[in-house]
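Input: a single structure, listed below in structure tokens.
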Amino acid sequence: MGTTDRHRLIGELLRNREEVTVDELVAECGASGATIRRDLEILAANGVLRRVHGGARSLVARGENAGYGQRELEDREPKLRIAAAVDNLLRDREHVWLDSGSTATAIAQRLSKRELTLMPMSLHGVAALAGGRPELILPGGRLIAGEQSFRGPMAEANIRSLRFDTAVVTPCALNLRDGLLAHDLEDAAVKRAGLESASRVIVAGSASKWNASAIALVAAMDTVDVIVTDLKPSPEDLARLNELSVEVVIA
């Protein structure tokens with residue numbers, strides 16, 4: 001089992017268990033104790049878990065929101081398909097606002113060869129795009145550790161000073177009753193600034209985002225033009241989205 005597969009398996013195990021020992025991971029992964037301990041140190045540094053004596057403790061099972069490192073390990077294939085679908089929806093030379101988060105990073109990686117002007121809202125997105133063909137505009141503001149995302153009044157003001165052809169929003173959760181949601185008010189405010197500054201709003205979210213829980217409202221669903229997801233909506237949900245004139249693209 002390769003390093004990426006081991007990391008993904010460890011992340012999945014700690015989604016459902018509060019703690020796991022090195023010995024248990026050795027048996028699950030078929031790797032040496034030294035290799036597993038190195039894996040745990042890397043994953044702890046990336047915010048996936050908390051290292052404890054003899055193993056690791058879950059952050060998610062104790063009610064904490066999954067950190068960037070944990071989310072980056074999950075739903076990798078759906079995120080790549082969603083990124084490809086978003087790429088197909090964009091025209092060359094568009095001005096695009098791109099949200100933060102692991103799905104946004106996958107989209108940034110996909111867009112690195114496109115002729116676009118992009119404002120990425122995280123250093124993960126900047127790193128994926130730097131050296132590529134897009135022209136980058138950085139929002140400034142306060143940098144959030146772990147997420148490496150830009151937040152705060154300065155970021156919001158800089159976003160609102162521009163007009164984008166398209167905003168690509170990656171919500172923490174979404175549902176047809178409330179709309180787009182985020183885990184904190186600052187993130188919600190930045191997302192709202194992005195979508196309100198764009199002529200078209202594309203929402204990109206895997207099946208795990210649908211009907212998930214998050215506290216802060218970003219915007220109602222009628223602000224959305226296109227949803228890109230790997231979840232096929234029910235006939236009832238699809239009818240409601242049609243009423244709202246929201247196009248659904250299944251990745």
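How things are named: the first chain in the structure tokens is A, the next is B, and so on; residues count from 1 in each chain; ligands count from 1 in the order shown.
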* Asked: What are the DSSP helix (DSSP H, G or I) residues of stretch 52-205 of chain A, as a ChimeraX atom specification?
  -> /A:68-73,76-89,102-111,123-129,153-160,185-196
Let's have the selection written as a compact mmCIF listing (two decimals), in the first residue's frame, with C-alpha atoms.
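Output below, filename part.txt:
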```txt
# COMPACT_ATOMS: atom_id res chain seq x y z
CA TYR A 68 -8.14 20.88 5.51
CA GLY A 69 -5.75 17.93 5.68
CA GLN A 70 -8.59 15.53 6.54
CA ARG A 71 -10.85 16.86 3.79
CA GLU A 72 -8.06 16.70 1.22
CA LEU A 73 -7.87 12.93 1.78
CA ARG A 76 -10.64 12.55 -4.08
CA GLU A 77 -12.12 11.02 -7.24
CA PRO A 78 -15.41 12.97 -7.06
CA LYS A 79 -13.46 16.19 -6.54
CA LEU A 80 -11.36 15.52 -9.65
CA ARG A 81 -14.52 14.91 -11.69
CA ILE A 82 -16.11 18.06 -10.29
CA ALA A 83 -12.96 20.05 -11.14
CA ALA A 84 -13.09 18.77 -14.72
CA ALA A 85 -16.76 19.73 -15.03
CA VAL A 86 -16.09 23.24 -13.68
CA ASP A 87 -13.21 23.59 -16.16
CA ASN A 88 -15.62 22.78 -19.00
CA LEU A 89 -18.01 25.52 -17.87
CA SER A 102 -9.95 21.12 -0.81
CA THR A 103 -12.45 21.06 -3.69
CA ALA A 104 -11.30 24.54 -4.73
CA THR A 105 -7.69 23.33 -4.69
CA ALA A 106 -8.59 20.47 -7.03
CA ILE A 107 -10.27 23.01 -9.32
CA ALA A 108 -7.22 25.29 -9.19
CA GLN A 109 -4.98 22.40 -10.20
CA ARG A 110 -7.26 21.71 -13.16
CA LEU A 111 -7.30 25.39 -14.24
CA LEU A 123 -2.49 29.71 -0.56
CA HIS A 124 -3.28 26.12 -1.58
CA GLY A 125 -4.98 27.55 -4.66
CA VAL A 126 -2.16 30.03 -5.26
CA ALA A 127 0.42 27.21 -5.11
CA ALA A 128 -1.59 25.11 -7.58
CA LEU A 129 -1.85 28.02 -10.03
CA PRO A 153 -12.57 42.88 6.07
CA MET A 154 -9.56 43.59 3.83
CA ALA A 155 -10.18 40.44 1.78
CA GLU A 156 -13.91 41.22 1.53
CA ALA A 157 -13.26 44.82 0.46
CA ASN A 158 -10.76 43.78 -2.22
CA ILE A 159 -13.18 41.18 -3.59
CA ARG A 160 -16.04 43.68 -3.73
CA LEU A 185 -19.14 33.77 9.91
CA GLU A 186 -15.86 35.01 8.42
CA ASP A 187 -15.81 32.27 5.79
CA ALA A 188 -19.47 32.93 5.01
CA ALA A 189 -18.76 36.66 4.56
CA VAL A 190 -15.91 36.02 2.12
CA LYS A 191 -17.99 33.53 0.11
CA ARG A 192 -20.88 36.01 0.01
CA ALA A 193 -18.57 38.78 -1.23
CA GLY A 194 -17.33 36.50 -4.02
CA LEU A 195 -20.72 35.43 -5.32
CA GLU A 196 -22.21 38.92 -5.03
```
* Apply DSSP to the backbone of this structure and, from stretch 7-230 of chain A, keep only the residues in strand (DSSP E or B); write these as a PyMOL selection string. => chain A and resi 19-21+49-52+55-58+95-98+117-120+122+135-136+142-144+149-151+164-169+173-175+179-182+198-204+210+216-219+226-229
* Asked: So, counting only C-alpha atoms, which residue among A:Ala198, A:Val20, A:Val96, A:Ala216 is closest to A:Ala173?
  ->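 Using only C-alpha atoms, A:Ala173 sits closest to A:Ala216.
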* **Residue among A:Ala204, A:Leu13, A:Ile36, A:Leu25 lying closest to A:Leu59, counting only C-alpha atoms** =>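 When distances to A:Leu59 are compared using only C-alpha atoms, the smallest one comes from A:Leu13.
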* A:Arg114, A:Gly47, A:Asn175, A:Leu181: which is nearest A:Arg240, counting only C-alpha atoms? -> A:Asn175
* Close residues, A:Leu49 itself excluded, 8 Å, only C-alpha atoms, min 5 positions apart in chain, as a PyMOL selection string -> chain A and resi 11+14+40+43-44+56-59+70
* Asked: Looking at only C-alpha atoms, which of A:His53, A:Arg133, A:Arg200, A:Arg142 is the one that sits closest to A:Val246?
  -> A:Arg200
* To do: Identify, on the basis of only C-alpha atoms, every residue whose closest approach to A:Arg93 does not exceed 9 Å; exclude the query and any residue fewer than 3 positions from it along the same chain; express the result as a list in words.
  => Leu90, Arg114, Glu115, Leu116, Thr117 and Pro134 of chain A
* For A:Glu18, the nearest of the candidates A:Arg37, A:Pro139, A:Val224, A:Gly55, counting only C-alpha atoms ->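 Checking each candidate against A:Glu18, we get A:Gly55 as the closest.
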* **Selection: 8 Å around A:Thr170, only C-alpha atoms, excl. self and same-chain fewer than 2 positions, as a list of chain:residue names** =>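 The residues that qualify are A:Asp99, A:Ser100, A:Gly101, A:Thr103, A:Ala104, A:Val168, A:Cys172, A:Val203, A:Ala204, A:Gly205.
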* To do: Determine, counting only C-alpha atoms, which protein, DNA and RNA residues have an atom within 10 Å of an atom of A:Gly30; residues of the same chain fewer than 6 positions away are not included. Present the result as a list of chain:residue names.
  =>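 After dropping sequence-adjacent residues, the list is A:Met1, A:Arg6, A:Glu24, A:Ile36.
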Store the residues picked out above, limited to C-alpha atoms, as a PDB file, in the first residue's frame.
```pdb
ATOM      1  CA  MET A   1       0.000   0.000   0.000  1.00  0.00           C
ATOM      2  CA  ARG A   6      -2.261   4.652   3.797  1.00  0.00           C
ATOM      3  CA  GLU A  24      -3.937  -1.587  14.778  1.00  0.00           C
ATOM      4  CA  ILE A  36       2.981   4.210  10.528  1.00  0.00           C
TER       5      ILE A  36
END
```
* Asked: For A:Ala220, which of A:Met119, A:Ala207, A:Val248, A:Leu174 is the closest residue, counting only C-alpha atoms?
  ->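 Selected residue with least distance to A:Ala220: A:Leu174.
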